[in-house]
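Student: Following this line is query-v6.csv, made up of CSV, C-alpha atoms:
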chain,number,residue,atom,x,y,z
Y,197,MET,CA,137.2,89.5,101.1
Y,198,THR,CA,137.5,93.1,102.3
Y,199,ARG,CA,134.2,94.6,101.1
Y,200,VAL,CA,131.1,92.4,100.6
Y,201,LEU,CA,127.8,93.8,99.3
Y,202,VAL,CA,124.7,91.7,100.4
Y,203,THR,CA,121.3,92.2,98.9
Y,204,GLY,CA,118.4,91.0,101.0
Y,205,ALA,CA,120.5,91.6,104.0
Y,206,GLU,CA,117.6,91.7,106.4
Y,207,GLY,CA,115.9,88.6,105.1
Y,208,PHE,CA,115.8,85.2,106.6
Y,209,VAL,CA,119.3,84.2,105.4
Y,210,GLY,CA,120.8,87.7,105.1
Y,211,GLY,CA,120.1,88.6,108.7
Y,212,ARG,CA,122.4,85.7,109.7
Y,213,LEU,CA,125.0,86.0,107.0
Y,214,VAL,CA,125.8,89.7,107.6
Y,215,PRO,CA,127.0,89.1,111.2
Y,216,ARG,CA,129.1,86.2,110.1
Y,217,LEU,CA,130.8,88.2,107.4
Y,218,VAL,CA,131.5,91.0,109.9
Y,219,ALA,CA,132.9,88.5,112.4
Y,220,ARG,CA,135.3,87.3,109.6
Y,221,GLY,CA,136.6,90.8,109.2
Y,222,ALA,CA,134.7,91.9,106.1
Y,223,THR,CA,133.3,95.4,105.6
Y,224,VAL,CA,129.7,94.7,104.7
Y,225,ILE,CA,127.4,96.9,102.6
Y,226,ALA,CA,124.0,95.6,103.6
Y,227,CYS,CA,121.1,96.4,101.2
Y,228,HIS,CA,117.4,95.8,101.9
Y,229,ALA,CA,114.1,96.3,100.1
Y,230,PRO,CA,112.6,99.8,100.5
Y,231,GLY,CA,110.0,99.8,103.2
Y,232,MET,CA,111.7,97.2,105.4
Y,233,VAL,CA,112.6,98.1,108.9
Y,234,SER,CA,116.4,98.8,108.8
Y,235,GLY,CA,118.9,97.9,111.4
Y,236,ALA,CA,116.8,95.3,113.2
Y,237,ARG,CA,119.4,92.5,113.2
Y,238,ALA,CA,122.4,93.5,111.1
Y,239,PRO,CA,125.4,94.9,112.8
Y,240,VAL,CA,125.7,97.5,110.0
Y,241,GLU,CA,123.2,100.2,108.9
Y,242,PRO,CA,121.4,98.8,105.7
Y,243,ILE,CA,120.8,100.8,102.6
Y,244,ALA,CA,117.4,100.7,100.9
Y,245,LEU,CA,117.7,99.3,97.4
Y,246,ASP,CA,115.0,98.4,94.9
Y,247,ILE,CA,116.8,95.8,92.7
Y,248,ARG,CA,114.2,96.4,90.0
Y,249,ASP,CA,115.7,99.9,89.5
Y,250,ARG,CA,118.8,99.4,87.3
Y,251,ASP,CA,120.1,102.9,87.8
Y,252,ALA,CA,119.8,102.6,91.6
Y,253,VAL,CA,121.6,99.3,91.6
Y,254,GLU,CA,124.4,100.6,89.5
Y,255,GLY,CA,124.7,103.7,91.7
Y,256,VAL,CA,124.9,101.7,94.9
Y,257,PHE,CA,127.5,99.3,93.4
Y,258,ARG,CA,129.7,102.2,92.2
Y,259,ASP,CA,129.6,103.8,95.7
Y,260,ALA,CA,130.2,100.6,97.5
Y,261,ALA,CA,133.0,99.2,95.2
Y,262,PRO,CA,132.6,95.7,96.6
Y,263,ASP,CA,135.1,92.8,96.2
Y,264,ALA,CA,132.2,90.3,96.5
Y,265,VAL,CA,128.5,90.4,96.1
Y,266,VAL,CA,126.0,88.0,97.7
Y,267,HIS,CA,122.7,88.3,96.0
Y,268,LEU,CA,119.9,87.1,98.3
Y,269,ALA,CA,117.1,89.5,97.5
Y,270,GLY,CA,114.0,88.1,95.9
Y,271,LEU,CA,110.6,86.7,96.3
Y,272,SER,CA,110.6,83.1,97.5
Y,273,ASP,CA,107.1,81.8,98.2
Y,274,VAL,CA,106.2,79.0,95.8
Y,275,ALA,CA,102.4,79.2,96.3
Y,276,ASP,CA,102.5,83.0,96.1
Y,277,SER,CA,104.4,82.8,92.8
Y,278,TRP,CA,101.3,81.3,91.0
Y,279,ARG,CA,99.3,84.4,92.0
Y,280,ARG,CA,102.0,87.0,91.2
Y,281,ILE,CA,103.9,85.7,88.2
Y,282,ASP,CA,104.7,89.2,86.9
Y,283,ASP,CA,106.1,90.3,90.3
Y,284,TYR,CA,108.3,87.2,90.5
Y,285,TYR,CA,109.7,87.8,87.1
Y,286,ARG,CA,110.4,91.5,87.7
Y,287,VAL,CA,112.1,91.0,91.1
Y,288,ASN,CA,113.8,87.6,90.6
Y,289,VAL,CA,114.8,87.7,87.0
Y,290,GLU,CA,115.1,91.4,86.0
Y,291,GLY,CA,116.4,92.4,89.5
Y,292,SER,CA,119.0,89.6,89.4
Y,293,GLU,CA,120.1,90.7,86.0
Y,294,HIS,CA,120.6,94.2,87.3
Y,295,VAL,CA,122.7,93.0,90.2
Y,296,ALA,CA,124.8,90.6,88.1
Y,297,TYR,CA,125.6,93.1,85.4
Y,298,ALA,CA,126.3,95.9,87.9
Y,299,ALA,CA,128.8,93.5,89.6
Y,300,ARG,CA,130.5,92.6,86.3
Y,301,THR,CA,130.5,96.1,85.0
Y,302,LEU,CA,132.2,97.2,88.2
Y,303,SER,CA,134.9,94.6,88.1
Y,304,GLU,CA,135.7,91.3,86.3
Y,305,THR,CA,137.3,90.1,89.6
Y,306,CYS,CA,134.3,90.9,91.8
Y,307,ARG,CA,133.0,87.5,93.2
Y,308,LEU,CA,129.3,87.0,92.7
Y,309,VAL,CA,127.3,84.5,94.9
Y,310,VAL,CA,123.7,84.1,93.8
Y,311,ALA,CA,120.9,82.5,95.6
Y,312,SER,CA,118.9,79.9,93.6
Y,313,SER,CA,116.8,77.1,95.0
Y,314,ALA,CA,116.5,73.3,95.0
Y,315,GLU,CA,113.0,73.9,93.5
Y,316,VAL,CA,114.7,74.2,90.1
Y,317,TYR,CA,115.2,70.4,90.0
Y,318,GLY,CA,111.4,69.7,90.0
Y,319,PRO,CA,110.3,66.1,90.6
Y,320,VAL,CA,113.2,63.7,90.9
Y,321,PRO,CA,112.7,59.9,91.0
Y,322,GLU,CA,113.6,58.1,94.3
Y,323,ALA,CA,116.3,56.2,92.5
Y,324,ALA,CA,118.1,59.5,91.5
Y,325,LEU,CA,118.2,60.8,95.1
Y,326,PRO,CA,120.0,62.5,96.7
Y,327,VAL,CA,120.1,64.8,93.6
Y,328,PRO,CA,123.5,66.1,92.5
Y,329,GLU,CA,124.1,69.6,90.9
Y,330,ALA,CA,124.6,68.0,87.5
Y,331,ARG,CA,121.0,66.9,87.1
Y,332,ASP,CA,119.0,68.6,84.4
Y,333,LEU,CA,116.6,71.2,85.7
Y,334,ASP,CA,112.8,70.8,85.5
Y,335,PRO,CA,111.2,73.7,87.3
Y,336,GLY,CA,107.5,73.2,88.1
Y,337,SER,CA,106.4,76.6,89.5
Y,338,PRO,CA,106.7,80.2,88.5
Y,339,TYR,CA,109.1,80.7,91.4
Y,340,ALA,CA,111.3,77.8,90.3
Y,341,LEU,CA,111.2,79.0,86.7
Y,342,THR,CA,112.5,82.4,87.7
Y,343,LYS,CA,115.4,80.8,89.7
Y,344,ALA,CA,116.3,78.6,86.7
Y,345,ALA,CA,116.3,81.8,84.6
Y,346,VAL,CA,118.6,83.6,87.1
Y,347,GLU,CA,121.0,80.7,86.8
Y,348,ARG,CA,121.1,80.9,83.0
Y,349,LEU,CA,121.7,84.6,83.3
Y,350,THR,CA,124.5,84.6,85.9
Y,351,LEU,CA,126.5,81.4,85.5
Y,352,PRO,CA,128.0,82.6,82.2
Y,353,LEU,CA,129.1,85.7,84.1
Y,354,GLY,CA,131.0,83.6,86.5
Y,355,ALA,CA,128.5,83.5,89.3
Y,356,ILE,CA,128.7,81.0,92.2
Y,357,VAL,CA,125.1,79.6,92.3
Y,358,VAL,CA,123.7,78.3,95.6
Y,359,ARG,CA,120.8,75.8,95.4
Y,360,SER,CA,119.5,75.7,99.0
Y,361,PHE,CA,117.1,72.9,100.0
Y,362,ASN,CA,114.6,73.8,102.7
Y,363,LEU,CA,116.3,76.3,105.0
Y,364,VAL,CA,114.4,76.4,108.3
Y,365,GLY,CA,114.7,78.1,111.7
Y,366,PRO,CA,113.6,81.1,113.7
Y,367,GLY,CA,112.7,84.3,111.8
Y,368,GLN,CA,111.2,82.6,108.7
Y,369,GLY,CA,107.9,84.1,107.4
Y,370,ALA,CA,104.7,82.5,108.6
Y,371,ASN,CA,103.7,81.9,105.0
Y,372,PHE,CA,106.1,78.9,105.1
Y,373,ALA,CA,104.8,75.5,106.4
Y,374,LEU,CA,106.8,75.0,109.7
Y,375,PRO,CA,106.5,78.7,110.9
Y,376,SER,CA,102.8,78.6,110.0
Y,377,PHE,CA,102.3,75.5,112.1
Y,378,ALA,CA,104.2,77.0,115.0
Y,379,ALA,CA,102.3,80.3,114.8
Y,380,GLN,CA,99.0,78.4,115.0
Y,381,LEU,CA,100.3,76.4,118.0
Y,382,ALA,CA,101.4,79.5,119.8
Y,383,ALA,CA,98.0,81.1,119.3
Y,384,ILE,CA,96.3,77.9,120.6
Y,385,GLU,CA,98.6,77.9,123.6
Y,386,ALA,CA,97.8,81.5,124.4
Y,387,GLY,CA,94.1,80.8,124.2
Y,388,ARG,CA,93.6,82.9,121.1
Y,389,GLU,CA,92.4,80.0,118.9
Y,390,GLU,CA,90.6,76.8,119.3
Y,391,PRO,CA,92.8,73.7,119.4
Y,392,VAL,CA,92.6,73.0,115.6
Y,393,LEU,CA,95.7,73.1,113.4
Y,394,TYR,CA,95.0,73.9,109.8
Y,395,VAL,CA,97.4,72.3,107.2
Y,396,GLY,CA,97.9,71.7,103.5
Y,397,ASN,CA,99.5,68.7,102.0
Y,398,LEU,CA,101.6,66.8,104.6
Y,399,SER,CA,102.9,64.0,102.4
Y,400,PRO,CA,105.9,65.8,100.8
Y,401,ARG,CA,109.4,64.9,102.1
Y,402,ARG,CA,111.9,67.7,102.4
Y,403,ASP,CA,115.7,68.0,103.1
Y,404,PHE,CA,115.6,70.5,106.0
Y,405,VAL,CA,118.7,72.5,106.8
Y,406,HIS,CA,119.0,74.9,109.7
Y,407,VAL,CA,119.2,78.5,108.5
Y,408,ASP,CA,122.4,79.1,110.4
Y,409,ASP,CA,124.1,76.3,108.6
Y,410,GLY,CA,122.8,77.8,105.3
Y,411,ALA,CA,124.3,81.1,106.2
Y,412,GLY,CA,127.6,79.4,107.0
Y,413,ALA,CA,127.5,77.8,103.5
Y,414,TYR,CA,127.1,81.3,101.9
Y,415,ALA,CA,130.0,82.7,104.0
Y,416,LEU,CA,132.2,79.8,102.9
Y,417,LEU,CA,131.3,80.2,99.3
Y,418,VAL,CA,132.1,83.9,99.3
Y,419,GLU,CA,135.7,82.9,100.1
Y,420,ARG,CA,136.1,79.5,98.5
Y,421,GLY,CA,133.4,78.9,95.9
Y,422,GLU,CA,134.5,78.2,92.3
Y,423,PRO,CA,133.2,80.9,89.9
Y,424,GLY,CA,130.8,79.5,87.3
Y,425,SER,CA,129.8,76.6,89.6
Y,426,VAL,CA,126.7,75.4,91.4
Y,427,TYR,CA,126.5,74.1,95.0
Y,428,ASN,CA,123.7,72.3,96.8
Y,429,VAL,CA,123.1,73.2,100.4
Y,430,ALA,CA,121.6,70.0,101.9
Y,431,ARG,CA,121.8,67.4,104.6
Y,432,GLY,CA,121.1,64.5,102.3
Y,433,GLU,CA,118.1,63.2,104.1
Y,434,ALA,CA,114.4,63.7,103.5
Y,435,ILE,CA,111.8,64.1,106.3
Y,436,GLU,CA,108.1,63.9,105.7
Y,437,LEU,CA,106.2,67.1,106.5
Y,438,GLU,CA,103.7,65.1,108.6
Y,439,ALA,CA,106.4,63.7,110.8
Y,440,ALA,CA,107.9,67.2,111.2
Y,441,LEU,CA,104.5,68.5,112.2
Y,442,ARG,CA,104.0,65.8,114.8
Y,443,GLN,CA,107.4,66.5,116.2
Y,444,LEU,CA,106.6,70.2,116.5
Y,445,VAL,CA,103.3,69.5,118.2
Y,446,GLY,CA,105.2,67.2,120.6
Y,447,ILE,CA,107.6,70.0,121.4
Y,448,SER,CA,104.7,72.4,122.1
Y,449,GLY,CA,103.1,69.9,124.5
Y,450,LEU,CA,99.6,70.7,123.1
Y,451,GLU,CA,96.8,68.4,122.2
Y,452,VAL,CA,95.3,69.6,118.9
Y,453,GLU,CA,93.2,68.4,116.0
Y,454,ILE,CA,94.9,68.5,112.7
Y,455,ARG,CA,92.6,69.5,109.9
Y,456,GLN,CA,93.3,69.8,106.2
Y,457,ASP,CA,92.5,73.2,104.6
Y,458,PRO,CA,92.0,73.2,100.8
Y,459,ASP,CA,93.1,76.8,100.7
Y,460,ARG,CA,96.6,75.7,101.9
Y,461,MET,CA,97.1,73.2,99.1
Y,462,ARG,CA,99.6,74.2,96.4
Y,463,PRO,CA,98.9,73.8,92.7
Y,464,ALA,CA,102.0,71.6,92.4
Y,465,ASP,CA,104.0,70.0,95.2
Y,466,VAL,CA,107.2,68.1,94.5
Y,467,PRO,CA,106.8,64.8,96.4
Y,468,VAL,CA,110.3,64.5,97.7
Y,469,MET,CA,113.4,66.7,97.7
Y,470,CYS,CA,116.8,65.5,98.9
Y,471,GLY,CA,120.2,66.9,97.9
Y,472,ASP,CA,123.8,65.8,97.5
Y,473,ALA,CA,126.0,68.5,99.0
Y,474,SER,CA,129.3,66.6,98.3
Y,475,ARG,CA,130.8,69.6,96.4
Y,476,LEU,CA,130.1,71.9,99.4
Y,477,ARG,CA,131.4,69.4,101.9
Y,478,ALA,CA,134.6,69.2,99.9
Y,479,LEU,CA,135.2,72.8,100.8
Y,480,GLY,CA,134.8,72.0,104.5
Y,481,TRP,CA,131.1,72.7,105.1
Y,482,ARG,CA,129.2,70.5,107.6
Y,483,PRO,CA,125.7,71.0,109.1
Y,484,LYS,CA,126.3,71.7,112.8
Y,485,ARG,CA,122.6,72.0,113.9
Y,486,SER,CA,120.0,69.2,114.0
Y,487,PHE,CA,116.5,69.3,112.8
Y,488,ASP,CA,115.3,69.0,116.4
Y,489,GLN,CA,117.2,72.2,117.2
Y,490,ALA,CA,115.6,74.0,114.3
Y,491,LEU,CA,112.1,72.9,115.4
Y,492,GLU,CA,112.6,74.0,119.0
Y,493,ALA,CA,113.9,77.4,117.8
Y,494,ILE,CA,110.9,77.8,115.5
Y,495,TRP,CA,108.5,77.1,118.4
Y,496,GLU,CA,110.2,79.5,120.7
Y,497,ASP,CA,110.3,82.1,118.0
Y,498,ALA,CA,106.6,81.8,117.3
Y,499,ARG,CA,105.8,82.3,121.0
Y,500,ARG,CA,108.0,85.4,121.2
Y,501,ARG,CA,106.4,86.8,118.1
Y,502,LEU,CA,102.9,86.3,119.5
Y,503,ALA,CA,103.9,87.9,122.8
Y,504,ARG,CA,105.4,90.9,121.1
Y,505,SER,CA,102.3,91.3,118.9
Y,506,GLU,CA,100.0,91.2,121.9
Y,507,ALA,CA,102.1,93.6,123.8
Y,508,ARG,CA,101.9,96.1,120.9
Y,509,GLN,CA,98.2,95.7,120.6
Y,510,LYS,CA,97.2,95.8,124.3
Y,511,PRO,CA,99.9,97.2,126.4
Y,512,GLY,CA,99.4,96.1,130.0
Y,513,ALA,CA,96.3,94.1,129.3
Y,514,PRO,CA,96.0,90.8,131.2
Y,515,ALA,CA,96.2,87.6,129.2
Y,516,SER,CA,92.9,86.1,128.1
Y,517,PRO,CA,91.8,82.7,129.4
Y,518,PRO,CA,92.5,79.7,127.2
Y,519,ALA,CA,89.9,79.0,124.5
Y,520,SER,CA,87.5,76.2,125.2
Y,521,GLY,CA,89.1,72.8,124.6
Y,522,ALA,CA,92.7,73.9,124.6
Y,523,LYS,CA,94.7,71.4,126.6
Y,524,ARG,CA,98.3,71.0,127.7
Y,525,ARG,CA,99.9,67.7,127.9
Y,526,LEU,CA,103.4,66.3,128.6
Y,527,PRO,CA,105.8,66.8,125.7
Y,528,GLY,CA,106.9,63.7,123.8
Y,529,LEU,CA,103.6,61.9,123.5
Y,530,LEU,CA,103.7,62.2,119.7
Y,531,PRO,CA,106.5,60.5,117.7
Y,532,ARG,CA,109.5,62.7,117.4
What would you get if you wrote out this structure as structure tokens?
Tutor:
Amino acid sequence: MTRVLVTGAEGFVGGRLVPRLVARGATVIACHAPGMVSGARAPVEPIALDIRDRDAVEGVFRDAAPDAVVHLAGLSDVADSWRRIDDYYRVNVEGSEHVAYAARTLSETCRLVVASSAEVYGPVPEAALPVPEARDLDPGSPYALTKAAVERLTLPLGAIVVRSFNLVGPGQGANFALPSFAAQLAAIEAGREEPVLYVGNLSPRRDFVHVDDGAGAYALLVERGEPGSVYNVARGEAIELEAALRQLVGISGLEVEIRQDPDRMRPADVPVMCGDASRLRALGWRPKRSFDQALEAIWEDARRRLARSEARQKPGAPASPPASGAKRRLPGLLPR
């Protein structure tokens, strides 16, 4: 593809996809939500675009004249979606409709790759795992419902729909579980917090995929995905969140108390999510990075973020002593 327009280009996945596309020789038109800091990671200068504005979307598409569109922009926090149902509808559903129809109005041959989510499957019995793309959808949250609606809107237009399972890695927002744990651990290590780690429900099991492997899947589907089809992005194995937390604590080398916080509990948590990515693998995709690598990168990213934040707040100030009770220990004492 010569010209690829990417919405959400500075998001968690977009920030990794844009450099991949550029490296493959594509001319990338990178769009980000108004108010975001532009040019932080992308090798091209992003354009501010509010996908809720149909006229603005159509204008950008006319000027860009892309051969392909990767639509990543949207709101993606399941817990937050219960509090902001209207926003999730306007951004995820109406915004996606604007993008899809602008792409189709521009050209019938413009390839359209749309980000959905494994959340659309809802609860799946153990006997039916790993879940294939053909399974009926059963969305259980406002977020999942908006993604199911996006699929219904875009598949008849020939979209290539991507149902990612849990993409993880450095750069993910601290409102997600693993980055939240890492951020708390970094604050404990720096002596900013007592050695207590607050968590929600740790029983769900998730199919974790390194974000760089997820970006690789999108890049492949831009070139080789079949229009009007759905692809899972998954490793095919489920890891309990509690085990992931213990492994992350082991990587940090800290001794902490794990305490459940009722405010961190979701209204509905799917017990287990595990996907069958055979269709994507048939195109040549393989996950190249382990879950261990993802956790180590998340931990180092949390430490860097905290250091940058402290440097901005108190330039040149000496580090505070550790909070009472914060202890270091040798890594690997918790199961990994």
Student: Check the smallest atom-to-atom distance from each of Y:Val316, Y:Val418, Y:Val253, Y:Val392 to Y:Val466 using all atoms listed in the file, then report the winner.
Tutor: Y:Val316
Student: Around (114.8, 59.0, 91.9) in the file's own coordinates, what residues are found within 12 Å if you use all atoms listed in the file, given back as a PyMOL selection string?
Tutor: chain Y and resi 317-328+331+467-471
Student: Would you work out the distance separating atom CA of Y:Ile247 from atom CA of Y:Glu329, expressed in Å to one decimal?
Tutor: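 Straight-line distance from atom CA of Y:Ile247 to atom CA of Y:Glu329 works out to 27.3 Å.
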Student: For each of Y:Ala507, Y:Leu437, Y:Leu479, Y:Ala298, take the minimum atom-to-atom distance to Y:Asp465, counting only C-alpha atoms, then give the residue where this is smallest.
Tutor: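 The shortest atom-to-atom distance to Y:Asp465 comes from Y:Leu437.
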Student: Write out as an MDAnalysis selection string which residues come within 9 Å of Y:Val445 when counting only C-alpha atoms, dropping same-chain ones fewer than 2 positions away.
Tutor: chainID Y and resid 377:378 381 440:443 447:452 527:528 530
Student: Using only C-alpha atoms, pick whichever of Y:Arg501, Y:His406, Y:Arg508, Y:Arg431 has the shortest atom-to-atom distance to Y:Gly365.
Tutor: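 Closest candidate: Y:His406.
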Student: Give me, please, the distance in Å between atom CA of Y:Glu206 and atom CA of Y:Trp278, quoted to one decimal.
Tutor: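 We find that atom CA of Y:Glu206 and atom CA of Y:Trp278 lie 24.7 Å from each other.
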Student: How would you write as a list in words the residues that get within 7 Å of (127.5, 90.6, 96.7) in the file's frame, counting all atoms listed in the file?
Tutor: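 I get Val200, Leu201, Val202, Thr203, Ala264, Val265, Val266, His267, Leu308 and Val309 of chain Y for the residues within 7 Å of that point.
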Student: Between atom CA of Y:Ala373 and atom CA of Y:Gly396, what is the distance in Å, rounded to a tenth?
Tutor: 8.4 Å
Student: Rank nothing, just name the residue among Y:Arg477, Y:Pro242, Y:Leu363, Y:Thr342 nearest to Y:Leu416, using all atoms listed in the file.
Tutor: Y:Arg477
Student: Rank nothing, just name the residue among Y:Ala226, Y:Pro215, Y:Ile243, Y:Gly367 nearest to Y:Leu491, using all atoms listed in the file.
Tutor: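 Residue with the minimum atom-to-atom distance to Y:Leu491: Y:Gly367.
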Student: Which residue gives the smallest distance to Y:Tyr297 among Y:Ser505, Y:Ala269, Y:Leu351, Y:Ser312, with all atoms listed in the file counted?
Tutor: Y:Leu351
Student: List the neighbours of Y:Leu417 out to 10 Å using all atoms listed in the file; skip same-chain residues closer than 5 positions along the sequence, and give me the result as a ChimeraX atom specification.
Tutor: /Y:266,307-309,356-358,411-412,422-423,427,476,479,481
Student: Would you pick out the contacts of Y:Ser376 at 10 Å or less, using all atoms listed in the file, so that residues sharing its chain but fewer than 6 positions from it are not included, and give the list as a ChimeraX atom specification?
Tutor: /Y:368-370,382,393-395,494,498
Student: Using all atoms listed in the file, which protein or nucleic acid residues come within 12 Å of Y:Gly480? Drop anything in the same chain fewer than 2 positions from it, and give the result as a CSV table (one decimal) with C-alpha atoms, keeping the file's coordinate frame.
Tutor:
chain,number,residue,atom,x,y,z
Y,412,GLY,CA,127.6,79.4,107.0
Y,413,ALA,CA,127.5,77.8,103.5
Y,415,ALA,CA,130.0,82.7,104.0
Y,416,LEU,CA,132.2,79.8,102.9
Y,417,LEU,CA,131.3,80.2,99.3
Y,419,GLU,CA,135.7,82.9,100.1
Y,420,ARG,CA,136.1,79.5,98.5
Y,421,GLY,CA,133.4,78.9,95.9
Y,473,ALA,CA,126.0,68.5,99.0
Y,474,SER,CA,129.3,66.6,98.3
Y,475,ARG,CA,130.8,69.6,96.4
Y,476,LEU,CA,130.1,71.9,99.4
Y,477,ARG,CA,131.4,69.4,101.9
Y,478,ALA,CA,134.6,69.2,99.9
Y,482,ARG,CA,129.2,70.5,107.6
Y,483,PRO,CA,125.7,71.0,109.1
Y,484,LYS,CA,126.3,71.7,112.8
Student: Within 12 Å of Y:Ser337, counting only C-alpha atoms, which residues show up once you throw out same-chain ones fewer than 6 positions away? Write them as a list in words, please.
Tutor: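 With the cut-off at 12 Å, the set is Ser272, Asp273, Val274, Ala275, Asp276, Ser277, Trp278, Arg279, Arg280, Ile281, Tyr284, Tyr285, Ser313, Ala314, Glu315, Val316, Tyr317, Gly318, Pro319, Lys343, Ala344, Arg462, Pro463, Ala464, Asp465 and Val466 of chain Y.
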